[in-house]
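K.L.:
Next up is a structure, given as structure tokens.
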Amino acid sequence: MFRIRGRRSATIVATVAALAALTACGAKTDDSSSASAAGATIDTSGSSIKVGLLNSLSGTMAISEVTVRDSLKLAIEEINAGGGVLGKQIEPVSEDGASDWPTFAEKSQKLISQDKVAAVFGCWTSASRKAVKPVFEKNKSLLFYPVQYEGLEQSPYIFYTGATTNQQIVPGLDYLKAQGKTSLYLVGSDYVFPRTANKIIKAYAEANGMKVLGEDYAPLGSTEFSTIANKVKAAGASAIFNTLNGDSNVAFFKEYKSAGLTAEKMPVVSVSIAEEEVKSIGTQYLAGQLTAWNYYQTTEGAANEKFVKAYKAKYGADKPTSDPMEAAYTSVYLWKAMVEKAGSFDVEKVKAAAAAGGITYDAPEGKVTVDGPTQHIYKTARIGKVGDDGLIKEVWNSGEPIKPDPYLKGYSWATGLS
Amino acid sequence: MTTLQDPPVAVEASAAKAPRRFHALIGFGLAAVVLFALAPVALGDFRLGLLAKYLCLAIVAVGIGLAWGRGGMLTLGQGVFFGLGGYAMAMHLKLADAGPGELPDFMQLYGQLDALPWWWKPFANPAFALAATVLLPMLVAFLLGLLIFRRRVRGAYFAILSQALCAALAIFLIGQQGTTGGTNGLTDIQGFFGYDLNDPINRRMIYFIVAAALLAVLGVAWQLMRSRFGELLVAVRDGEERVRFLGYDPANVKLVAYVVAAGMAGLAGALFVPAVGIISPAMIGVVPSIEFVIGVAVGGRASLIGPALGAIAVAWAKTALSEKLPSAWTYFEGLLFILPVVFLPGGLASLAMYLRRRRSTSTEVTS
């Protein structure tokens, strides 16, 4: 027995030694040369060019992200029908992020190194974006992110086609202030966007003489809101700022209504409820409430008429279009404009074309321009009111596209935030 | 625990065990060849990185196999220990990335902190952080196990308690966004003890470390299962009261298995961080904890290699199916969980046992 045990320990020692040898030859410190893997290789050999679509097709985020994928596909189809990009047809490679952040990282790596895509479009939650950000930076590959978010980020390999805070939350607050609202109650889901947004709101309120009477977070997917509704009612704020996500809104608005609150007494401004969500929450609970976005299905203009018509023709007349869908649709056209200006699919050349300025597109939301230094886009802010038909009607807009300011550098009250 | 010392081994027993030991050695050798020679040659950088991730999950599975398969404790809360190990490692790596005296990036963004919180400070020390990845989960498991097993909490109650703990830790981490990164978790990790993680050669090195850790963990589990402790553990699973009447304390036996499983989960979490580059509350909550157990069930919980193979198979199937069928893969994954439970209750490993039994009967006939 002892001899066998001895032999075994010998094998273990041998394994460890072999391992040490292997790791030793793999050792290569970063300090000597900071340059690591070269830029991602893009497969430009065929008559088509691949792009990645990275959205959650399963899990809790699927309901929202599938609509984004659908509008990305619509844009790609339209571009292909018009002759493609630089003479090549776009071939979308779809991957499921499964509402799981490491999966997003895994799939983005797969799209870059296996499929050799020219760019990736997608991600919704901030957590998924934060998970893939190092992957895109490491591989020097491009991501187009189509959803409004909490700002405070500027990756050299991400283009942000949704609103940053000064294009959505700050205008929403400006609107409330102009309406004479002096106190706010903050309700949000417990994740990064609401917590960061509320920090910005509190700084704004302090500087503008508004009071924040309370701040409550519910776990993502929570449907228990009777306590929060009662606290909101007791606080008696003049408006509620709502950053709840998904299903939680259904429960919240039901409790809000049964607590006897109304849009006249205490309006709710929501920043995560678009046309699709209005449908699932129920128009009877939302009619008269406010939303802050950059695009509504009802936004006027020929470009939007064309977009809405094409979307409904492809996916069904009952399907609404919403802000993130529009931003996704726009992102494909912006990428096309950059590639055509650069005359190449090469990531660094595409980035340089964007940095030089002048990348514009007549989007459904109106003319958008890429801001070279921040890689965000100029967007018009729009406050809307939910109508009885479930559509959102614009009641105010910023008049012109607002320059993106992800770190809120242009706002003196925000100096302590980043 | 003096009762757990090896007694003088009976001659017959050791003779019967010798061929099994020989088989185990061959098995280890084969596994080493596959992991260290075949896989790195056959797989590209991307697939090898994925394999490193699967192997991390396999390490957790080996621990669950010990605690659940052998000890009968349905540990639906391994996410807690996985998370503790992962966060301990990620905290150190984030601090190392930031450099001495600097705050990690997310703290500057969300935390508005002037100084590092006190409970982050010790993790700047690499030795402390490395030890904490395994010892911290073990300590938590020890304290928890002491309370649970002494009070003879068993079965569904134990499973519910494990789940509650997972949910509690996840909610805590999400709530403390300024100091833990909230739902985003700790991400964007650049280096691993001075090695640049962006360098493909260093990522290969991480794979080898994970593979070696899996072999080591398998070795520990094998030794534990074959020892008198392993037999006691099975005895406790099958008849706790009887073991108590024989004069042993089942609580101690279960505690050891539980703590060892927690240590393995912690180690896996720590390796997951450099292999995948992120740790977040999404990986330590209720759902991932259940997924760990599903891999073990598919592989066969009572065997040594079954849980590891099951975890790898399930993770691989998840990747492969979702790549091939991005919009319908979840149905197939569900099917994958149902079929083994219905048609192969002993898991994939029972296939091997079935074959071995057939072979041994046939050799008996020929001899």
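Numbering starts fresh at 1 for the residues of each chain in the structure tokens, the chains themselves are lettered A, B, ... in the order given, and ligands are numbered from 1 as they appear.
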Pick out the residues sitting within 12 Å of B:Ala302, and hand them over as JSON, numbers by chain; count only C-alpha atoms, and ignore anything fewer than 4 positions along from it in its own chain.

P.N.:
{"B": [61, 62, 63, 64, 65, 66, 67, 68, 69, 70, 71, 72, 73, 221, 222, 225, 230, 233, 234, 237, 296, 297, 298, 306, 307, 308, 310, 345, 346, 347, 348, 349, 350, 353]}

K.L.:
Do a neighbour search on A:Tyr295 at 10 Å with only C-alpha atoms, toss out local chain neighbours closer than 3 positions, and write the hits as a VMD selection string.

P.N.:
chain A and resid 274 292 298 to 300 304 321 to 327 363 to 366 379 to 384 392 394

K.L.:
Do a neighbour search on B:Gly277 at 7 Å with only C-alpha atoms, toss out local chain neighbours closer than 5 positions, and write the hits as a PyMOL selection string.

P.N.:
chain B and resi 187-189

K.L.:
Using only C-alpha atoms, find the one residue out of B:Tyr248, B:Phe28, B:Phe149, B:Tyr195 that sits nearest to chain A.

P.N.:
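For chain A, the nearest of the candidates is B:Tyr195.
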
K.L.:
Write down as number ranges by chain the residues of stretch 239-348 of chain B whose backbone DSSP state falls under helix (DSSP H, G or I).

P.N.:
B: 240-245, 250-276, 281-283, 286-299, 305-324, 329-343, 348

K.L.:
Find the residues around stretch 260-268 of chain A up to 9 Å (only C-alpha atoms counted), leave out those fewer than 4 positions away in its own chain, and share them as a list in words.

P.N.:
Ala229, Lys233, Gly236, Ala237, Ser238, Ala239, Ile240, Phe241, Asn242, Glu255, Tyr256, Leu286, Ala287, Gly288, Gln289, Leu290 and Thr291 of chain A

K.L.:
With 6 Å as the limit and counting only C-alpha atoms, what residues in chain B lie close to chain A? Please list them as a PyMOL selection string.

P.N.:
chain B and resi 109+183-184+188+195-196+198-199+201+205+326-327

K.L.:
Which residues in stretch 150-379 of chain A does DSSP call strand (DSSP E or B)? List them as a PyMOL selection string.

P.N.:
chain A and resi 158-160+183-189+211-218+239-243+268-270+290-293+360-363+366-371+376-379

K.L.:
Which residues come within 9 Å of stretch 282-294 of chain B, counting only C-alpha atoms, excluding same-chain residues fewer than 4 positions away, as JSON, numbers by chain?

P.N.:
{"A": [100, 101, 102], "B": [57, 58, 60, 61, 64, 65, 68, 74, 75, 76, 77, 78, 79, 80, 81, 82, 83, 84, 163, 164, 165, 166, 167, 168, 169, 170, 171, 183, 184, 185, 298, 299, 301, 307, 310, 311, 314, 337]}

K.L.:
Write the residues of the preceding selection, restricted to C-alpha atoms, as a CSV table (one decimal), in the first residue's frame.

P.N.:
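Once written, result_9.csv looks like this:
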```csv
chain,number,residue,atom,x,y,z
A,100,ASP,CA,-26.6,36.7,-18.4
A,101,TRP,CA,-23.5,39.0,-18.3
A,102,PRO,CA,-20.7,36.4,-18.6
B,57,LEU,CA,-17.7,25.0,-13.1
B,58,ALA,CA,-16.5,21.4,-12.9
B,60,VAL,CA,-17.7,23.4,-8.1
B,61,ALA,CA,-19.4,20.2,-9.3
B,64,ILE,CA,-21.3,19.2,-4.8
B,65,GLY,CA,-20.7,15.6,-5.8
B,68,TRP,CA,-24.7,16.0,-2.1
B,74,LEU,CA,-28.6,19.1,-1.3
B,75,THR,CA,-26.3,22.2,-1.5
B,76,LEU,CA,-28.4,24.6,-3.5
B,77,GLY,CA,-26.3,27.5,-2.2
B,78,GLN,CA,-22.8,26.9,-3.7
B,79,GLY,CA,-23.2,30.3,-5.4
B,80,VAL,CA,-22.4,31.9,-2.1
B,81,PHE,CA,-19.0,30.2,-1.8
B,82,PHE,CA,-18.3,30.6,-5.5
B,83,GLY,CA,-19.1,34.3,-5.1
B,84,LEU,CA,-16.9,34.8,-2.0
B,163,GLN,CA,-31.0,29.3,-1.3
B,164,ALA,CA,-31.9,32.1,1.1
B,165,LEU,CA,-28.3,32.7,1.8
B,166,CYS,CA,-27.6,33.1,-1.9
B,167,ALA,CA,-30.4,35.5,-2.4
B,168,ALA,CA,-29.2,37.5,0.7
B,169,LEU,CA,-25.6,37.8,-0.5
B,170,ALA,CA,-26.7,38.8,-4.0
B,171,ILE,CA,-29.1,41.5,-2.7
B,183,THR,CA,-25.3,44.5,-10.6
B,184,ASN,CA,-22.3,45.2,-12.8
B,185,GLY,CA,-20.1,43.3,-10.5
B,298,VAL,CA,-26.8,15.2,-15.3
B,299,GLY,CA,-23.3,13.8,-14.7
B,301,ARG,CA,-23.9,12.8,-8.4
B,307,PRO,CA,-20.2,15.7,-11.5
B,310,GLY,CA,-21.8,16.6,-16.2
B,311,ALA,CA,-20.9,20.2,-15.4
B,314,VAL,CA,-24.0,21.0,-19.6
B,337,PHE,CA,-32.0,18.2,-18.3
```

K.L.:
What's the separation between atom CA of A:Phe121 and atom CA of B:Asn202, in Å to one decimal place?

P.N.:
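Taking atom CA of A:Phe121 and atom CA of B:Asn202, their separation equals 28.9 Å.
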
K.L.:
Just give me the gap between atom CA of A:Ala302 and atom CA of A:Lys367 in Å, one decimal is fine.

P.N.:
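Straight-line distance from atom CA of A:Ala302 to atom CA of A:Lys367 works out to 11.5 Å.
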
K.L.:
Excluding A:Phe225 and residues on its chain fewer than 4 positions from it, collect all residues at most 9 Å away from it, counting only C-alpha atoms, and give them as an NGL selection string.

P.N.:
:A and (218 or 229-230 or 248 or 251-256)

K.L.:
Please write the residues from the selection above to a file, keeping C-alpha atoms, as a tab-separated table (two decimals), in the first residue's frame.

P.N.:
```tsv
chain	number	residue	atom	x	y	z
A	218	ALA	CA	-37.11	47.29	-5.56
A	229	ALA	CA	-46.96	53.18	-2.91
A	230	ASN	CA	-48.05	54.05	0.62
A	248	SER	CA	-42.17	45.88	-11.74
A	251	ALA	CA	-47.28	46.17	-10.04
A	252	PHE	CA	-46.15	49.68	-9.18
A	253	PHE	CA	-48.76	51.44	-11.29
A	254	LYS	CA	-51.54	49.19	-9.96
A	255	GLU	CA	-50.61	50.01	-6.38
A	256	TYR	CA	-50.21	53.67	-7.30
```

K.L.:
Looking at only C-alpha atoms, which of A:Thr41, A:Gly316, A:Leu220, A:Val332 is the one that sits closest to B:Gly175?

P.N.:
A:Leu220

K.L.:
How many Å separate atom CA of B:Arg154 from atom CA of B:Ala251?

P.N.:
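Answer for the atom CA of B:Arg154 to atom CA of B:Ala251 separation: 10.7 Å.
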